[in-house]
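Here's model.tsv, which has TSV, C-alpha atoms:
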chain	number	residue	atom	x	y	z
A	16	MET	CA	29.08	12.36	-48.13
A	17	ILE	CA	29.14	13.22	-44.43
A	18	LYS	CA	30.85	16.41	-43.29
A	19	GLN	CA	32.17	16.91	-39.77
A	20	LEU	CA	31.67	20.41	-38.35
A	21	LYS	CA	32.93	21.99	-35.16
A	22	TYR	CA	30.45	23.92	-33.01
A	23	GLU	CA	31.50	27.31	-34.38
A	24	GLU	CA	31.15	26.09	-37.98
A	25	ILE	CA	27.50	25.02	-37.71
A	26	ASP	CA	24.92	26.90	-39.77
A	27	TRP	CA	22.27	27.26	-37.09
A	28	LEU	CA	19.47	28.29	-39.44
A	29	LYS	CA	19.96	25.17	-41.55
A	30	TYR	CA	20.34	23.06	-38.44
A	31	GLN	CA	17.08	24.27	-36.92
A	32	ASN	CA	15.25	23.96	-40.22
A	33	CYS	CA	16.36	20.34	-40.57
A	34	LEU	CA	15.39	19.55	-36.98
A	35	ASP	CA	11.98	21.27	-37.21
A	36	ASN	CA	11.09	19.32	-40.35
A	37	SER	CA	12.53	15.99	-39.26
A	38	GLU	CA	10.56	12.82	-38.59
A	39	GLN	CA	12.63	12.26	-35.44
A	40	LYS	CA	12.34	15.74	-33.88
A	41	ILE	CA	13.08	15.64	-30.16
A	42	TYR	CA	13.63	18.27	-27.46
A	43	SER	CA	17.13	17.06	-26.51
A	44	ALA	CA	18.50	17.93	-29.96
A	45	GLU	CA	17.41	21.56	-29.67
A	46	LYS	CA	20.39	23.91	-29.57
A	47	LYS	CA	19.23	25.58	-26.35
A	48	PHE	CA	19.02	22.17	-24.63
A	49	LEU	CA	22.41	20.90	-25.79
A	50	ASP	CA	24.05	24.24	-25.03
A	51	VAL	CA	23.01	23.70	-21.41
A	52	THR	CA	23.93	20.03	-21.05
A	53	ALA	CA	27.04	19.93	-23.27
A	54	LYS	CA	27.96	23.63	-23.35
A	55	ASN	CA	29.88	24.17	-26.61
A	56	ASN	CA	31.41	20.71	-26.55
A	57	TRP	CA	29.56	19.16	-29.46
A	58	ASP	CA	30.20	18.66	-33.14
A	59	MET	CA	27.75	18.30	-35.98
A	60	LEU	CA	27.77	15.61	-38.64
A	61	VAL	CA	26.00	16.81	-41.79
A	62	PHE	CA	24.77	14.79	-44.76
A	63	ASP	CA	24.17	16.45	-48.15
A	64	ASP	CA	23.96	20.10	-47.02
A	65	TYR	CA	21.81	19.54	-43.92
A	66	LYS	CA	19.38	17.04	-45.40
A	67	ALA	CA	20.31	14.96	-42.37
A	68	ILE	CA	22.16	15.99	-39.22
A	69	MET	CA	23.60	14.33	-36.15
A	70	PRO	CA	24.80	16.22	-33.05
A	71	VAL	CA	27.82	14.60	-31.38
A	72	PRO	CA	28.60	15.75	-27.80
A	73	PHE	CA	32.00	14.93	-26.33
A	74	ILE	CA	34.46	15.35	-23.50
A	75	LYS	CA	38.21	15.62	-24.03
A	76	LYS	CA	40.56	12.99	-22.60
A	77	LEU	CA	44.18	12.23	-23.54
A	78	GLY	CA	43.92	14.60	-26.48
A	79	PHE	CA	40.92	12.74	-27.93
A	80	LYS	CA	37.26	13.62	-28.20
A	81	ILE	CA	35.37	10.99	-26.21
A	82	VAL	CA	31.73	10.84	-27.32
A	83	VAL	CA	29.23	10.57	-24.48
A	84	ASN	CA	25.66	11.79	-24.08
A	85	PRO	CA	25.66	14.56	-21.46
A	86	LYS	CA	23.72	14.17	-18.23
A	87	LEU	CA	19.94	14.54	-18.75
A	88	THR	CA	20.36	14.06	-22.52
A	89	GLN	CA	18.63	10.75	-23.09
A	90	GLN	CA	18.44	10.60	-26.90
A	91	LEU	CA	20.16	12.26	-29.86
A	92	GLY	CA	20.91	10.49	-33.15
A	93	VAL	CA	20.10	11.28	-36.77
A	94	PHE	CA	17.48	13.82	-37.82
A	95	SER	CA	16.07	13.93	-41.35
A	96	HIS	CA	12.79	14.55	-43.17
A	97	LYS	CA	12.25	10.79	-43.50
A	98	ASP	CA	14.17	8.25	-41.47
A	99	SER	CA	16.50	6.24	-43.72
A	100	VAL	CA	18.25	3.05	-42.67
A	101	ASP	CA	20.96	3.58	-45.28
A	102	VAL	CA	21.65	7.16	-44.22
A	103	ASN	CA	21.63	6.17	-40.55
A	104	GLU	CA	24.20	3.46	-41.28
A	105	LEU	CA	26.46	6.05	-42.92
A	106	PHE	CA	26.31	8.18	-39.79
A	107	LEU	CA	26.91	5.18	-37.52
A	108	ASP	CA	29.93	4.10	-39.56
A	109	PHE	CA	31.37	7.64	-39.63
A	110	LEU	CA	30.89	8.04	-35.86
A	111	GLN	CA	32.65	4.81	-35.01
A	112	LYS	CA	35.55	5.40	-37.43
A	113	ASN	CA	36.22	9.03	-36.48
A	114	TYR	CA	35.48	9.17	-32.76
A	115	LYS	CA	36.10	7.19	-29.62
A	116	VAL	CA	32.59	6.42	-28.40
A	117	TRP	CA	31.95	5.84	-24.71
A	118	TYR	CA	28.17	6.09	-24.88
A	119	TYR	CA	25.90	7.47	-27.58
A	120	ALA	CA	22.13	7.08	-27.73
A	121	PHE	CA	20.23	7.49	-30.96
A	122	ASN	CA	16.50	8.32	-30.96
A	123	GLU	CA	13.49	6.00	-31.06
A	124	LYS	CA	12.78	6.72	-34.74
A	125	ASN	CA	16.27	5.77	-35.95
A	126	SER	CA	16.46	2.34	-37.62
A	127	PHE	CA	19.62	0.43	-38.55
A	128	LYS	CA	20.77	-2.66	-40.38
A	129	THR	CA	23.36	-3.09	-37.65
A	130	GLU	CA	21.93	-4.72	-34.54
A	131	LEU	CA	22.25	-2.31	-31.62
A	132	LYS	CA	21.32	-2.57	-27.96
A	133	ARG	CA	18.14	-0.76	-26.91
A	134	ARG	CA	16.80	1.03	-23.85
A	135	LYS	CA	13.27	1.95	-22.85
A	136	ASN	CA	11.57	5.29	-22.54
A	137	PHE	CA	8.01	6.17	-21.51
A	138	VAL	CA	5.83	8.84	-23.12
A	139	LEU	CA	2.24	10.04	-22.80
A	140	GLU	CA	0.89	11.37	-26.09
A	141	SER	CA	-1.02	14.66	-25.89
A	142	ASP	CA	-4.72	14.21	-25.11
A	143	SER	CA	-7.36	15.57	-22.76
A	144	TYR	CA	-6.41	15.16	-19.12
A	145	GLU	CA	-9.68	13.33	-18.45
A	146	ASN	CA	-8.83	10.65	-21.00
A	147	ILE	CA	-5.29	10.32	-19.68
A	148	ARG	CA	-6.37	10.14	-16.03
A	149	ASP	CA	-9.07	7.58	-16.80
A	150	LYS	CA	-6.41	5.18	-18.12
A	151	TYR	CA	-4.20	5.28	-15.02
A	152	SER	CA	-3.76	1.88	-13.40
A	153	PRO	CA	-5.95	1.14	-10.35
A	154	LYS	CA	-2.82	1.14	-8.19
A	155	ARG	CA	-1.75	4.58	-9.45
A	156	LYS	CA	-5.23	5.97	-8.83
A	157	ARG	CA	-5.09	4.67	-5.26
A	158	LYS	CA	-1.71	6.33	-4.76
A	159	LEU	CA	-3.23	9.65	-5.80
A	160	ARG	CA	-5.84	9.48	-3.04
A	161	LEU	CA	-4.14	11.06	-0.05
A	162	ASN	CA	-5.02	9.98	3.45
A	163	PRO	CA	-7.00	12.69	5.28
A	164	ASP	CA	-4.18	13.19	7.79
A	165	VAL	CA	-1.88	13.99	4.85
A	166	ALA	CA	-4.34	15.82	2.60
A	167	ASP	CA	-5.39	18.24	5.33
A	168	PHE	CA	-1.82	19.42	5.89
A	169	SER	CA	-0.32	19.27	2.40
A	170	GLU	CA	-0.23	21.42	-0.72
A	171	ILE	CA	1.39	21.56	-4.16
A	172	LYS	CA	3.32	24.69	-5.10
A	173	GLU	CA	4.55	25.79	-8.51
A	174	ASN	CA	7.67	27.89	-8.99
A	175	VAL	CA	9.55	26.60	-5.97
A	176	TYR	CA	12.40	29.01	-5.18
A	177	PHE	CA	15.51	27.84	-6.98
A	178	GLU	CA	17.76	27.86	-3.92
A	179	ASP	CA	15.22	25.71	-2.06
A	180	ALA	CA	14.95	23.35	-5.02
A	181	LYS	CA	18.72	23.12	-5.46
A	182	LYS	CA	19.29	22.34	-1.79
A	183	PHE	CA	16.56	19.70	-1.81
A	184	ILE	CA	18.00	18.03	-4.93
A	185	GLU	CA	21.50	18.11	-3.42
A	186	ASN	CA	20.29	16.37	-0.27
A	187	ASN	CA	18.08	13.79	-2.01
A	188	LEU	CA	19.78	13.04	-5.33
A	189	LEU	CA	20.02	9.33	-6.18
A	190	GLY	CA	22.43	7.78	-8.64
A	191	ALA	CA	25.33	10.25	-8.35
A	192	GLU	CA	28.54	8.24	-7.96
A	193	ASN	CA	30.57	10.90	-6.15
A	194	ILE	CA	30.71	14.57	-5.14
A	195	ARG	CA	32.10	15.61	-8.52
A	196	ASP	CA	29.26	13.81	-10.30
A	197	LYS	CA	26.68	15.44	-8.02
A	198	ASN	CA	28.16	18.92	-8.52
A	199	SER	CA	28.19	18.45	-12.29
A	200	PHE	CA	24.50	17.51	-12.20
A	201	LEU	CA	23.63	20.52	-10.02
A	202	GLU	CA	25.52	22.84	-12.39
A	203	ILE	CA	23.38	21.62	-15.30
A	204	ILE	CA	20.18	22.14	-13.30
A	205	GLN	CA	21.35	25.66	-12.49
A	206	ARG	CA	22.07	26.43	-16.15
A	207	PHE	CA	18.56	25.25	-17.08
A	208	TYR	CA	17.17	27.60	-14.43
A	209	GLU	CA	19.30	30.54	-15.55
A	210	ASN	CA	18.05	30.04	-19.11
A	211	LYS	CA	14.41	29.85	-17.92
A	212	LEU	CA	13.96	26.34	-19.31
A	213	ILE	CA	12.90	24.48	-16.17
A	214	ASP	CA	10.00	24.52	-13.70
A	215	PHE	CA	10.05	23.12	-10.17
A	216	TYR	CA	6.89	21.77	-8.54
A	217	GLY	CA	6.97	20.97	-4.84
A	218	PHE	CA	4.80	18.89	-2.52
A	219	TYR	CA	4.73	20.36	0.97
A	220	PHE	CA	3.59	18.68	4.18
A	221	LYS	CA	3.02	20.95	7.17
A	222	GLY	CA	5.01	23.62	5.35
A	223	ARG	CA	7.99	21.33	4.71
A	224	LEU	CA	9.15	20.42	1.19
A	225	ILE	CA	9.12	16.61	0.96
A	226	ASN	CA	8.87	15.94	-2.81
A	227	LEU	CA	10.11	17.87	-5.83
A	228	ILE	CA	9.96	17.37	-9.60
A	229	ALA	CA	11.88	19.24	-12.29
A	230	ILE	CA	10.07	19.78	-15.61
A	231	TYR	CA	11.79	20.94	-18.80
A	232	GLN	CA	9.37	22.79	-21.07
A	233	GLU	CA	9.49	22.69	-24.85
A	234	LYS	CA	6.53	23.89	-26.94
A	235	TYR	CA	5.81	20.34	-28.08
A	236	THR	CA	6.98	18.32	-25.06
A	237	SER	CA	7.10	18.50	-21.27
A	238	VAL	CA	9.92	16.42	-19.84
A	239	LEU	CA	10.28	14.95	-16.37
A	240	LEU	CA	13.97	15.68	-15.81
A	241	GLY	CA	13.97	14.48	-12.23
A	242	THR	CA	11.97	13.33	-9.22
A	243	TYR	CA	13.40	13.90	-5.75
A	244	ASN	CA	11.94	12.63	-2.51
A	245	LEU	CA	12.52	12.86	1.21
A	246	LYS	CA	13.09	9.18	1.80
A	247	GLU	CA	11.37	8.88	5.16
A	248	LEU	CA	8.13	10.43	3.86
A	249	VAL	CA	7.97	8.80	0.42
A	250	LYS	CA	5.00	6.74	1.67
A	251	PHE	CA	2.84	9.89	1.50
A	252	ASN	CA	2.86	9.56	-2.33
A	253	GLY	CA	3.63	13.21	-2.89
A	254	ALA	CA	5.70	12.42	-5.99
A	255	SER	CA	2.80	10.70	-7.75
A	256	ASN	CA	0.59	13.68	-7.02
A	257	LEU	CA	3.20	16.08	-8.36
A	258	ILE	CA	3.56	14.13	-11.61
A	259	ASP	CA	-0.22	13.94	-11.98
A	260	TYR	CA	-0.35	17.70	-11.41
A	261	ALA	CA	2.28	18.31	-14.11
A	262	ILE	CA	0.45	16.02	-16.54
A	263	LYS	CA	-2.84	17.84	-15.89
A	264	LYS	CA	-1.18	21.19	-16.47
A	265	ASN	CA	0.56	20.26	-19.74
A	266	ILE	CA	-0.89	17.21	-21.48
A	267	GLU	CA	-3.52	18.95	-23.60
A	268	LEU	CA	-0.84	21.14	-25.22
A	269	ARG	CA	2.12	18.79	-25.50
A	270	ASN	CA	3.40	15.26	-24.95
A	271	PHE	CA	4.70	14.28	-21.53
A	272	ASP	CA	8.06	12.49	-21.58
A	273	PHE	CA	9.05	10.52	-18.47
A	274	GLU	CA	12.64	10.16	-19.76
A	275	GLY	CA	12.92	6.50	-18.77
A	276	GLY	CA	15.66	5.42	-16.39
A	277	GLU	CA	17.53	2.46	-15.00
A	278	LEU	CA	16.52	2.58	-11.33
A	279	PRO	CA	14.66	-0.47	-9.94
A	280	ASN	CA	10.85	-0.41	-10.19
A	281	MET	CA	10.92	2.68	-12.42
A	282	GLU	CA	9.27	0.90	-15.33
A	283	GLU	CA	6.36	-0.27	-13.18
A	284	TYR	CA	5.99	3.25	-11.82
A	285	PHE	CA	5.77	4.89	-15.25
A	286	ARG	CA	3.50	2.17	-16.59
A	287	GLY	CA	1.09	3.08	-13.80
A	288	PHE	CA	0.45	6.35	-15.63
A	289	ARG	CA	-0.16	4.23	-18.75
A	290	ALA	CA	2.74	5.84	-20.58
A	291	ALA	CA	3.57	4.19	-23.90
A	292	VAL	CA	6.81	2.20	-23.93
A	293	LYS	CA	9.24	3.36	-26.61
A	294	SER	CA	12.77	2.07	-27.14
A	295	TYR	CA	15.85	3.68	-28.61
A	296	PRO	CA	19.15	2.20	-29.86
A	297	TYR	CA	22.54	3.01	-28.40
A	298	ILE	CA	26.20	2.11	-28.65
A	299	GLU	CA	28.47	1.77	-25.63
A	300	ASN	CA	32.08	0.88	-24.88
A	301	SER	CA	33.68	0.34	-21.50
A	302	LYS	CA	36.55	2.50	-20.25
A	303	ILE	CA	38.84	-0.49	-20.75
A	304	GLN	CA	37.76	-0.78	-24.39
A	305	LEU	CA	38.43	2.93	-24.87
A	306	LEU	CA	41.90	2.60	-23.36
A	307	LYS	CA	42.68	-0.37	-25.60
A	308	SER	CA	41.63	1.58	-28.70
A	309	TYR	CA	43.86	4.46	-27.56
A	310	PHE	CA	46.99	2.30	-27.34
A	311	ILE	CA	46.21	0.35	-30.51
A	312	ARG	CA	46.27	3.56	-32.53
A	313	GLN	CA	49.55	4.78	-31.03
Can the structure from this file be put into structure tokens for me?
Amino acid sequence: MIKQLKYEEIDWLKYQNCLDNSEQKIYSAEKKFLDVTAKNNWDMLVFDDYKAIMPVPFIKKLGFKIVVNPKLTQQLGVFSHKDSVDVNELFLDFLQKNYKVWYYAFNEKNSFKTELKRRKNFVLESDSYENIRDKYSPKRKRKLRLNPDVADFSEIKENVYFEDAKKFIENNLLGAENIRDKNSFLEIIQRFYENKLIDFYGFYFKGRLINLIAIYQEKYTSVLLGTYNLKELVKFNGASNLIDYAIKKNIELRNFDFEGGELPNMEEYFRGFRAAVKSYPYIENSKIQLLKSYFIRQ
């Protein structure tokens, strides 16, 4: 019932039609997004002539396709007109039997009979900025009030030059395990820029860039892809002001997705903007488990 297609075999018109009319529609399943984060390294699982679809990104190791969500691709999963537990279980079973899965995250609308681990995401639903701002926590509102000695010498700029943004991200990126990991992340950011899919907003103090956010723009969602701060001046709260600025600019037209995250205190930070907490299921195997499955099948 489920057909496995390679990238070059996908019917893109049917794919987009299924995604556009799906209950689970999400920006990270758009072809233009996945082509940036995964390049052409993704398959498509199709149920009943595109009545349901599931993109499957991978890397190649030891002659096998190892499934892993690409950097900046928080959720994927099954997309269909109406979410179906039974159909989702078919996809889950097919994925686990036909691929070696390192890490794969479904989307928040996908439900399963199988009990899966879950992670949190934070989203502001589209509304007037006044209504959104009024609901901010008292602490977040205080953080948005700049001290006079900061306010008088600071400004927010849109369309930060890419080379300036790239250098700032390179110098202030958190969470990258090594140089290779950092370079891979920067390459993805550059591909977003080259495809005109990303905006950079900067907070400047006395002419110096001290905070930067990267926003991915889809017609129905604005996504906070990253927040980068000059550590010694984080107390100026430039990042909070940048996020508030991005929310003000976009929230009446589209949702604002904070993209979650695993860094300490991140949940409290996003909750300060009164973003709704949404969770999504995922499956994960350690590298040791993947190696064991490799030798077992030899």
### Task
Have a look at A:Met59, A:Glu38, A:Ser143, A:Leu49 and name the one nearest to Lys97 of chain A; count all atoms listed in the file.
A:Glu38
### Task
Compare A:Ser294, A:Tyr216, A:Leu159, A:Ile184 by their minimum atom-to-atom distance to Ser126 of chain A, counting all atoms listed in the file, and give me the closest one.
A:Ser294
#### Entry: atom CA of Asp26 of chain A to atom CA of Leu60 of chain A, straight-line distance in Å
11.7 Å
#### Entry: atom CA of Lys197 of chain A to atom CA of Asn56 of chain A, distance in Å rounded to a single decimal
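Interatomic distance here is 19.8 Å.
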### Task
With a distance cut-off of 9 Å and only C-alpha atoms, select the neighbouring residues of segment 162-179 of chain A, excluding the residue or stretch itself and same-chain residues fewer than 5 positions from it, and output the selection as a VMD selection string.
chain A and resid 184 205 208 214 to 224 227 251 253 256 to 257 260
### Selected residue, from A:Asp50, A:Glu185, A:Asp259, A:Glu274, that lies nearest to Tyr243 of chain A when counting all atoms listed in the file
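Checking each candidate against Tyr243 of chain A, we get A:Glu185 as the closest.
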## Note on the structure
Judged by only C-alpha atoms, the minimum distance to Asn55 of chain A among A:Ile258, A:Ile17, A:Ile25, A:Ile41 is found for A:Ile25
### Query
Do you know which residues lie at most 12 Å from (19.1, 19.3, -40.1), with coordinates as in the file and only C-alpha atoms counted, and could you write them as a PyMOL selection string?
chain A and resi 25-40+44-46+59-70+92-97
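Between Ile298 of chain A and the candidates A:Phe121, A:Tyr42, A:Phe200, A:Tyr235, the tightest atom-to-atom separation, counting all atoms listed in the file, involves A:Phe121.
Using only C-alpha atoms, the contacts of segment 153-158 of chain A at a cut-off of 12 Å, with sequence neighbours closer than 2 positions omitted, comprise Ile147, Arg148, Asp149, Lys150, Tyr151, Arg160, Leu161, Asn162, Val249, Lys250, Phe251, Asn252, Gly253, Ala254, Ser255, Asn256, Leu257, Ile258, Asp259, Glu283, Tyr284, Phe285, Arg286, Gly287, Phe288 and Arg289 of chain A.
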### Query
For Lys76 of chain A, which of A:Lys18, A:Phe106, A:Lys302, A:Arg133 is the closest residue, counting all atoms listed in the file?
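Of the candidates, the smallest distance to Lys76 of chain A is held by A:Lys302.
As for atom CA of Lys124 of chain A and atom CA of Glu23 of chain A, they are spaced 27.8 Å apart.
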### Task
Compile the contact shell of Glu299 of chain A as a list in words: residues with an atom at most 12 Å away, counting only C-alpha atoms, same-chain residues fewer than 4 positions apart removed.
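Returned residues: Ile81, Val82, Val83, Asn84, Gln111, Lys115, Val116, Trp117, Tyr118, Tyr119, Ala120, Phe121, Leu131, Lys132, Arg133, Arg134, Ile303, Gln304 and Leu305 of chain A.
Omitting Lys54 of chain A and its sequence neighbours fewer than 6 positions away, and counting all atoms listed in the file, the residues within 12 Å are Tyr22, Lys46, Lys47, Phe48, Pro72, Phe73, Ile74, Pro85, Lys86, Glu202, Ile203, Arg206 and Phe207 of chain A.
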### Task
Dig up all the protein and nucleic acid residues within 10 Å of (3.7, 9.3, -20.7) in the file frame, using all atoms listed in the file, and format them as a ChimeraX atom specification.
/A:136-141,147,237-239,262,266,270-275,285-292
Restricted to N, CA and C atoms, what does segment 74-88 of chain A look like when written out as a short mmCIF file (atom, residue, chain, number, x, y, z; two decimals), in the first residue's frame?
data_model
loop_
_atom_site.label_atom_id
_atom_site.label_comp_id
_atom_site.auth_asym_id
_atom_site.auth_seq_id
_atom_site.Cartn_x
_atom_site.Cartn_y
_atom_site.Cartn_z
N ILE A 74 21.19 10.44 5.12
CA ILE A 74 22.60 10.53 4.76
C ILE A 74 23.04 9.11 4.44
N LYS A 75 24.13 8.96 3.71
CA LYS A 75 24.60 7.63 3.34
C LYS A 75 25.83 7.25 4.14
N LYS A 76 25.76 6.10 4.80
CA LYS A 76 26.86 5.56 5.59
C LYS A 76 26.93 4.05 5.37
N LEU A 77 28.14 3.53 5.11
CA LEU A 77 28.35 2.09 4.97
C LEU A 77 27.41 1.46 3.94
N GLY A 78 27.07 2.24 2.93
CA GLY A 78 26.22 1.73 1.87
C GLY A 78 24.74 1.75 2.19
N PHE A 79 24.39 2.28 3.38
CA PHE A 79 22.99 2.34 3.80
C PHE A 79 22.50 3.78 3.81
N LYS A 80 21.20 3.94 3.65
CA LYS A 80 20.57 5.23 3.88
C LYS A 80 20.23 5.33 5.37
N ILE A 81 20.84 6.30 6.04
CA ILE A 81 20.58 6.54 7.45
C ILE A 81 19.62 7.72 7.56
N VAL A 82 18.43 7.48 8.07
CA VAL A 82 17.41 8.53 8.15
C VAL A 82 17.72 9.47 9.32
N VAL A 83 17.76 10.75 9.03
CA VAL A 83 17.97 11.75 10.07
C VAL A 83 17.39 13.07 9.58
N ASN A 84 16.65 13.75 10.44
CA ASN A 84 16.16 15.08 10.07
C ASN A 84 17.34 16.03 9.87
N PRO A 85 17.39 16.75 8.77
CA PRO A 85 18.50 17.68 8.54
C PRO A 85 18.50 18.81 9.56
N LYS A 86 19.61 19.48 9.69
CA LYS A 86 19.69 20.65 10.56
C LYS A 86 18.60 21.65 10.18
N LEU A 87 17.99 22.26 11.18
CA LEU A 87 16.95 23.28 11.04
C LEU A 87 15.62 22.71 10.55
N THR A 88 15.52 21.38 10.44
CA THR A 88 14.27 20.75 10.01
C THR A 88 13.67 20.06 11.21
#
